[in-house]
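Participant: Starting off with a structure, shown below.
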Amino acid sequence: MDGNGRWAKAHHRPRAFGHKSGMDNVKTITKVASRLGVKVLTLYAFSTENWRRPTEEVNYLMQLPIDFFNTFLPELMAENVQVKVMGFLDQLPEKTRQVTYDAMAQTANNTGMILNFALNYGSRAEITSAVQQLGQAVAAGQIQPEEINEQMIGQQLMTASLGQFADPDLLIRTSGELRLSNFLLWQLAYSELYFADVHWPDFSQQDLEQAFAAYQKRQRRYGGLA
Ligand code: FPP
């Protein structure tokens with residue numbers, strides 16, 4: 001969800017206003033995606049590198065999940081959306097962590113779209129942690145190094161609970177930047193990539209439908225032949 005800052009600048013407003021508008025658009029796009037039949041919508045809300053931003057901005061971003069769930073939980077329930085959060089949650093401020101855990105608990109029995117927030121998430125740190133887990137299992141004699149396979153690595157990643165949807169079909173990045181920025185590096189191996197030229201606060205239902213239409217024209221070969 002890139003481009004909140006540039007969107008704010010274009011509107012001669014502070015960066016926080018861009019993030020607030022970005023949060024409002026999370027509400028819009030969540031409902032749109034759910035109604036279009038998306039199974040899992042993963043949103044990159046805060047990266048392990050975003051702590052490098054000024055404290056004031058970090059504090060504001062940490063408040064956003066609190067505002068989001070406090071105002072939007074009834075609609076998430078009405079939409080039958082299940083909330084999940086992946087990331088290094090133990091490093092989040094207590095209140096932010098608590099509100100996300102509460103949202104997960106309250107929506108745990110919902111059976112519709114999974115709304116999966118990546119919060120304090122970084123793919124390299126995720127893979128490092130997975131390697132450490134497997135290394136410990138080897139050291140404890142539970143597995144042999146040569147037994148380690150792709151499934152076992154996938155089981156140690158933060159997307160493991162998404163099961164068959166752990167690897168995204170489609171990645172959308174807004175605001176014209178052509179980078180992955182440490183997002184789901186393992187899981188995106190065969191995902192289709194789509195880059196939208198609008199900043200996140202302006203990313204609309206029409207933009208999402210355009211991305212889906214582009215996806216539908218792609219031919220996914222997974223290294224094989226058509
Ligand atoms: C990147 O844009 C955006 C972020 C670092 C924050 C994204 C967060 C939201 C959209 C709100 C999240 C909402 C919830 C409910 C957690 P940027 O600030 O890097 O924009 P710029 O590149 O234009 O400066």
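Every chain in the structure tokens takes a letter, A first, then B, and so on in the order presented; its residues are numbered from 1, and the ligands are numbered from 1 following the presented order.
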Find the spatial neighbours of segment 95-105 of chain A, counting only C-alpha atoms, within a cut-off of 8 Å - ignore same-chain residues fewer than 5 positions away - and output them as a list in words.

Facilitator: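 After dropping sequence-adjacent residues, the list is Met62, Gln63, Pro65, Ile66, Phe69, Leu73, Gln82, Val83, Lys84, Val85, Leu89 and Asp90 of chain A.
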
Participant: What residues of the protein or nucleic acid chains come within 9 Å of ligand 1 when you use only C-alpha atoms and all ligand atoms? Reply as a compact mmCIF listing (two decimals) with C-alpha atoms, in the first residue's frame.

Facilitator:
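Result file out_25.txt:
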```
# COMPACT_ATOMS: atom_id res chain seq x y z
CA MET A 1 0.00 0.00 0.00
CA ASP A 2 2.57 2.51 -1.19
CA GLY A 3 2.24 6.23 -1.81
CA ASN A 4 0.45 7.60 1.26
CA GLY A 5 3.19 10.18 1.81
CA ARG A 6 3.25 11.38 -1.81
CA TRP A 7 -0.54 11.49 -1.87
CA ALA A 8 -0.52 13.73 1.23
CA LYS A 9 2.17 15.96 -0.28
CA ARG A 15 2.12 12.60 5.92
CA ALA A 16 -0.16 11.43 8.75
CA GLY A 18 -1.99 10.35 3.90
CA HIS A 19 -1.76 7.37 6.25
CA LYS A 20 -5.22 8.14 7.67
CA SER A 21 -6.63 8.26 4.13
CA GLY A 22 -4.75 5.03 3.43
CA MET A 23 -6.45 3.41 6.41
CA ASP A 24 -9.86 4.60 5.18
CA ASN A 25 -9.10 3.00 1.84
CA VAL A 26 -8.21 -0.28 3.55
CA LYS A 27 -11.85 -0.33 4.69
CA LEU A 43 -1.90 -6.00 3.18
CA TYR A 44 1.64 -4.79 3.87
CA ALA A 45 0.96 -2.21 6.57
CA PHE A 46 4.33 -1.90 8.35
CA SER A 47 7.69 -3.42 7.49
CA ASN A 50 9.70 1.12 8.70
CA GLU A 57 5.32 8.86 12.03
CA VAL A 58 6.01 5.44 13.56
CA LEU A 61 1.31 4.14 12.11
CA MET A 62 1.14 2.10 15.33
CA GLN A 63 -2.07 3.89 16.28
CA LEU A 64 -3.74 3.08 12.94
CA PRO A 65 -4.57 -0.58 13.65
CA ILE A 66 -6.19 0.57 16.90
CA ASP A 67 -8.36 3.14 15.09
CA PHE A 68 -9.07 0.67 12.30
CA PHE A 69 -10.33 -2.17 14.47
CA PHE A 117 -2.21 -7.71 7.86
CA ALA A 118 1.56 -7.78 7.57
CA LEU A 119 2.59 -5.73 10.60
CA SER A 175 2.22 4.27 -6.53
CA GLU A 177 7.39 1.80 -7.50
CA HIS A 199 -1.14 6.18 -4.77
CA TRP A 200 -2.76 3.85 -2.26
CA PRO A 201 -5.39 6.32 -0.92
```

Participant: Within segment 50-196 of chain A, find each residue whose DSSP state, derived from the backbone, is helix (DSSP H, G or I), and express the selection as a compact mmCIF listing (two decimals) with C-alpha atoms, in the first residue's frame.

Facilitator:
```txt
# COMPACT_ATOMS: atom_id res chain seq x y z
CA ASN A 50 9.70 1.12 8.70
CA TRP A 51 11.07 1.68 12.24
CA ARG A 52 13.68 3.87 10.50
CA THR A 55 9.26 8.53 15.78
CA GLU A 56 6.19 10.69 15.25
CA GLU A 57 5.32 8.86 12.03
CA VAL A 58 6.01 5.44 13.56
CA ASN A 59 3.76 6.29 16.50
CA TYR A 60 1.01 7.35 14.13
CA LEU A 61 1.31 4.14 12.11
CA MET A 62 1.14 2.10 15.33
CA GLN A 63 -2.07 3.89 16.28
CA LEU A 64 -3.74 3.08 12.94
CA PRO A 65 -4.57 -0.58 13.65
CA ILE A 66 -6.19 0.57 16.90
CA ASP A 67 -8.36 3.14 15.09
CA PHE A 68 -9.07 0.67 12.30
CA PHE A 69 -10.33 -2.17 14.47
CA ASN A 70 -12.14 0.15 16.89
CA THR A 71 -14.19 1.62 14.05
CA PHE A 72 -14.39 -1.24 11.55
CA LEU A 73 -14.84 -4.44 13.51
CA PRO A 74 -18.67 -4.45 13.25
CA GLU A 75 -18.42 -4.23 9.46
CA LEU A 76 -15.78 -6.97 9.37
CA MET A 77 -18.19 -9.15 11.35
CA ALA A 78 -21.08 -8.25 9.02
CA LEU A 89 4.17 -8.92 16.87
CA ASP A 90 6.10 -9.08 20.14
CA GLN A 91 7.95 -5.88 19.08
CA GLU A 94 1.32 -3.29 23.81
CA LYS A 95 -1.92 -1.57 22.79
CA THR A 96 -1.40 -2.22 19.07
CA ARG A 97 -0.62 -5.87 19.76
CA GLN A 98 -3.63 -6.26 22.05
CA VAL A 99 -6.10 -4.76 19.58
CA THR A 100 -4.85 -7.01 16.77
CA TYR A 101 -5.07 -10.11 18.97
CA ASP A 102 -8.60 -9.07 19.99
CA ALA A 103 -9.60 -8.62 16.33
CA MET A 104 -8.21 -12.05 15.47
CA ALA A 105 -10.04 -13.65 18.38
CA GLN A 106 -13.35 -11.94 17.65
CA THR A 107 -13.31 -12.87 13.95
CA SER A 123 10.55 -11.46 4.49
CA ARG A 124 14.28 -11.86 5.14
CA ALA A 125 13.70 -11.86 8.90
CA GLU A 126 10.86 -14.35 8.38
CA ILE A 127 13.10 -16.69 6.35
CA THR A 128 15.94 -16.27 8.86
CA SER A 129 13.62 -17.28 11.66
CA ALA A 130 12.43 -20.31 9.66
CA VAL A 131 16.05 -21.39 9.07
CA GLN A 132 16.74 -21.06 12.81
CA GLN A 133 13.74 -23.26 13.65
CA LEU A 134 14.84 -25.95 11.21
CA GLY A 135 18.44 -25.66 12.44
CA GLN A 136 17.25 -26.29 15.97
CA ALA A 137 15.29 -29.34 14.85
CA VAL A 138 18.44 -30.67 13.17
CA ALA A 139 20.56 -29.93 16.26
CA PRO A 145 19.53 -31.82 7.05
CA GLU A 146 18.84 -33.64 3.79
CA GLU A 147 15.23 -34.20 4.86
CA GLU A 150 10.15 -26.86 0.48
CA GLN A 151 7.04 -27.93 2.40
CA MET A 152 8.96 -27.91 5.69
CA ILE A 153 10.29 -24.43 4.98
CA GLY A 154 6.77 -23.24 4.08
CA GLN A 155 5.51 -24.64 7.39
CA GLN A 156 7.94 -22.39 9.28
CA ALA A 160 1.72 -21.33 7.08
CA SER A 161 -1.76 -20.92 8.56
CA LEU A 162 -3.08 -19.77 5.15
CA GLY A 163 -2.68 -23.33 3.86
CA GLN A 164 -3.34 -23.59 0.12
CA PHE A 165 -3.45 -19.77 -0.11
```

Participant: Report, in Å with one decimal, the straight-line distance from atom CA of Glu79 of chain A to atom CA of Gln216 of chain A.

Facilitator: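 Computing the Euclidean distance for atom CA of Glu79 of chain A and atom CA of Gln216 of chain A yields 25.4 Å.
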